[in-house]
$ cat input25.cif   # mmCIF, C-alpha atoms
data_query
#
loop_
_atom_site.group_PDB
_atom_site.id
_atom_site.type_symbol
_atom_site.label_atom_id
_atom_site.label_comp_id
_atom_site.auth_asym_id
_atom_site.auth_seq_id
_atom_site.Cartn_x
_atom_site.Cartn_y
_atom_site.Cartn_z
ATOM 1 C CA MET M 1 114.648 114.321 106.194
ATOM 2 C CA ASN M 2 115.775 112.707 109.405
ATOM 3 C CA LYS M 3 116.205 108.979 109.814
ATOM 4 C CA ASN M 4 113.003 108.297 111.792
ATOM 5 C CA ARG M 5 110.800 110.235 109.376
ATOM 6 C CA ARG M 6 112.195 108.328 106.409
ATOM 7 C CA HIS M 7 111.408 104.974 108.047
ATOM 8 C CA VAL M 8 107.822 106.066 108.691
ATOM 9 C CA LEU M 9 107.243 107.476 105.208
ATOM 10 C CA LEU M 10 107.373 104.182 103.273
ATOM 11 C CA PRO M 11 104.858 102.249 105.438
ATOM 12 C CA ALA M 12 102.590 105.304 105.502
ATOM 13 C CA ALA M 13 102.703 105.636 101.709
ATOM 14 C CA LEU M 14 102.050 101.909 101.261
ATOM 15 C CA ALA M 15 99.127 102.019 103.686
ATOM 16 C CA ALA M 16 97.586 105.047 101.975
ATOM 17 C CA GLY M 17 98.148 103.605 98.511
ATOM 18 C CA SER M 18 96.730 100.205 99.354
ATOM 19 C CA PHE M 19 93.727 101.813 101.066
ATOM 20 C CA LEU M 20 93.058 103.893 97.964
ATOM 21 C CA PHE M 21 93.495 100.783 95.810
ATOM 22 C CA LEU M 22 90.989 98.831 97.920
ATOM 23 C CA PHE M 23 88.520 101.702 97.820
ATOM 24 C CA LEU M 24 88.759 101.956 94.030
ATOM 25 C CA LEU M 25 88.542 98.180 93.650
ATOM 26 C CA MET M 26 85.400 98.005 95.780
ATOM 27 C CA SER M 27 83.708 100.906 94.046
ATOM 28 C CA LEU M 28 84.578 100.052 90.422
ATOM 29 C CA THR M 29 84.402 96.250 90.267
ATOM 30 C CA SER M 30 82.060 93.433 91.153
ATOM 31 C CA PRO M 31 83.388 90.122 92.498
ATOM 32 C CA VAL M 32 80.172 88.463 91.349
ATOM 33 C CA ARG M 33 81.163 88.961 87.707
ATOM 34 C CA ASN M 34 84.786 87.930 88.129
ATOM 35 C CA VAL M 35 86.145 85.999 91.103
ATOM 36 C CA ALA M 36 89.681 87.252 90.426
ATOM 37 C CA TYR M 37 88.658 90.608 91.908
ATOM 38 C CA GLY M 38 88.161 88.849 95.238
ATOM 39 C CA ALA M 39 91.693 87.457 95.168
ATOM 40 C CA VAL M 40 93.093 90.888 94.267
ATOM 41 C CA PHE M 41 91.071 92.423 97.109
ATOM 42 C CA PHE M 42 92.486 90.014 99.685
ATOM 43 C CA LEU M 43 96.026 90.594 98.412
ATOM 44 C CA GLY M 44 95.511 94.351 98.725
ATOM 45 C CA LEU M 45 94.068 93.866 102.197
ATOM 46 C CA MET M 46 97.138 91.866 103.210
ATOM 47 C CA ILE M 47 99.433 94.649 101.972
ATOM 48 C CA LEU M 48 97.350 97.233 103.837
ATOM 49 C CA LEU M 49 97.440 95.294 107.109
ATOM 50 C CA MET M 50 101.163 94.607 106.945
ATOM 51 C CA SER M 51 102.004 98.228 106.131
ATOM 52 C CA LEU M 52 99.767 99.391 108.985
ATOM 53 C CA GLY M 53 101.616 97.003 111.316
ATOM 54 C CA TYR M 54 104.994 98.381 110.262
ATOM 55 C CA LEU M 55 103.676 101.932 110.543
ATOM 56 C CA THR M 56 102.361 101.292 114.048
ATOM 57 C CA LEU M 57 105.716 99.919 115.169
ATOM 58 C CA ARG M 58 107.602 102.843 113.651
ATOM 59 C CA LEU M 59 105.292 105.443 115.167
ATOM 60 C CA ASN M 60 105.755 103.851 118.605
ATOM 61 C CA GLY M 61 109.520 104.157 118.150
ATOM 62 C CA ARG M 62 110.198 100.425 117.998
ATOM 63 C CA GLU M 63 112.556 98.705 115.623
ATOM 64 C CA VAL M 64 111.239 96.125 113.196
ATOM 65 C CA HIS M 65 113.095 92.941 114.153
ATOM 66 C CA ALA M 66 112.411 89.422 112.932
ATOM 67 C CA LYS M 67 110.089 88.684 115.857
ATOM 68 C CA ASN M 68 107.991 91.771 115.110
ATOM 69 C CA ARG M 69 107.875 90.945 111.395
ATOM 70 C CA TYR M 70 106.557 87.451 112.180
ATOM 71 C CA ARG M 71 103.962 88.893 114.566
ATOM 72 C CA ILE M 72 102.766 91.395 111.962
ATOM 73 C CA PHE M 73 102.558 88.645 109.355
ATOM 74 C CA THR M 74 100.671 86.275 111.687
ATOM 75 C CA ILE M 75 98.128 88.871 112.764
ATOM 76 C CA SER M 76 97.643 90.033 109.166
ATOM 77 C CA ILE M 77 97.054 86.470 107.972
ATOM 78 C CA PHE M 78 94.565 85.950 110.822
ATOM 79 C CA ILE M 79 92.574 89.043 109.852
ATOM 80 C CA VAL M 80 92.610 88.217 106.123
ATOM 81 C CA VAL M 81 91.462 84.621 106.726
ATOM 82 C CA LEU M 82 88.784 85.883 109.117
ATOM 83 C CA VAL M 83 87.507 88.329 106.479
ATOM 84 C CA MET M 84 87.620 85.562 103.840
ATOM 85 C CA PHE M 85 85.482 83.265 105.973
ATOM 86 C CA ARG M 86 83.068 86.071 106.841
ATOM 87 C CA SER M 87 82.675 87.114 103.211
ATOM 88 C CA ALA M 88 81.891 83.513 102.249
ATOM 89 C CA GLN M 89 79.437 83.380 105.177
ATOM 90 C CA SER M 90 81.044 80.177 106.395
ATOM 91 C CA LEU M 91 82.513 81.284 109.722
ATOM 92 C CA SER M 92 80.843 79.451 112.555
ATOM 93 C CA LEU M 93 81.675 79.770 116.222
ATOM 94 C CA VAL M 94 83.791 76.616 116.165
ATOM 95 C CA ASP M 95 85.695 77.732 113.052
ATOM 96 C CA GLY M 96 86.342 81.121 114.637
ATOM 97 C CA LEU M 97 87.633 79.539 117.853
ATOM 98 C CA VAL M 98 89.908 77.147 115.944
ATOM 99 C CA LEU M 99 91.292 80.046 113.927
ATOM 100 C CA LEU M 100 91.805 82.065 117.092
ATOM 101 C CA PHE M 101 93.597 79.186 118.853
ATOM 102 C CA ILE M 102 95.874 78.579 115.867
ATOM 103 C CA THR M 103 96.777 82.265 115.763
ATOM 104 C CA ALA M 104 97.383 82.386 119.521
ATOM 105 C CA GLY M 105 99.596 79.292 119.261
ATOM 106 C CA MET M 106 101.590 80.838 116.437
ATOM 107 C CA LEU M 107 102.057 84.073 118.396
ATOM 108 C CA PHE M 108 103.134 82.083 121.467
ATOM 109 C CA TYR M 109 105.598 80.081 119.372
ATOM 110 C CA ILE M 110 107.022 83.253 117.848
ATOM 111 C CA SER M 111 107.522 84.827 121.284
ATOM 112 C CA ARG M 112 109.384 81.746 122.587
ATOM 113 C CA ARG M 113 111.512 81.045 119.533
ATOM 114 C CA ALA M 114 115.158 82.108 119.714
ATOM 115 C CA TYR M 115 116.437 84.195 116.811
#
$ encode --input "input25.cif" --output "structure tokens"
Amino acid sequence: MNKNRRHVLLPAALAAGSFLFLFLLMSLTSPVRNVAYGAVFFLGLMILLMSLGYLTLRLNGREVHAKNRYRIFTISIFIVVLVMFRSAQSLSLVDGLVLLFITAGMLFYISRRAY
């Protein structure tokens, strides 16, 4: 196995495994009966999004540096919080814009910060 293939295999396996986990969790459990399933779902979603971010970088031939790790983490947190608000049906236009501005500010800060 060459070096590039090995670096793509782990994020791909994590993405596939977490997707399968989320699918099984959604089909076999009910968050209405136990709220802990919701927390486990959002944790699995975070793992899926981060592994997809790493996989995307690796497939484009880029290295995963600290700046890219922070960007992946920030975007993943944004998506998870957005899904949390939407699932609670409490995301208004103002809340969405505030969340978007906070995420944009964090991404701007990450791009300007010296490592």
$ closest_residue --input "input25.cif" --among "M:Ser51, M:Phe42, M:Tyr37, M:Ala88" --to "Gly17 (chain M)" --atoms "only C-alpha atoms"
M:Ser51
$ closest_residue --input "input25.cif" --among "M:Leu107, M:Leu14, M:Ala39, M:Leu82" --to "Asp95 (chain M)" --atoms "all atoms listed in the file"
M:Leu82
$ closest_residue --input "input25.cif" --among "M:Leu28, M:Leu48, M:Leu97, M:Ala13" --to "Ile72 (chain M)" --atoms "only C-alpha atoms"
M:Leu48
$ closest_residue --input "input25.cif" --among "M:Pro11, M:Phe73, M:Ile110, M:Ser87" --to "Phe41 (chain M)" --atoms "only C-alpha atoms"
M:Ser87
$ atom_distance --input "input25.cif" --atom1 "CA of Leu45 (chain M)" --atom2 "CA of Ile75 (chain M)"
12.4 Å
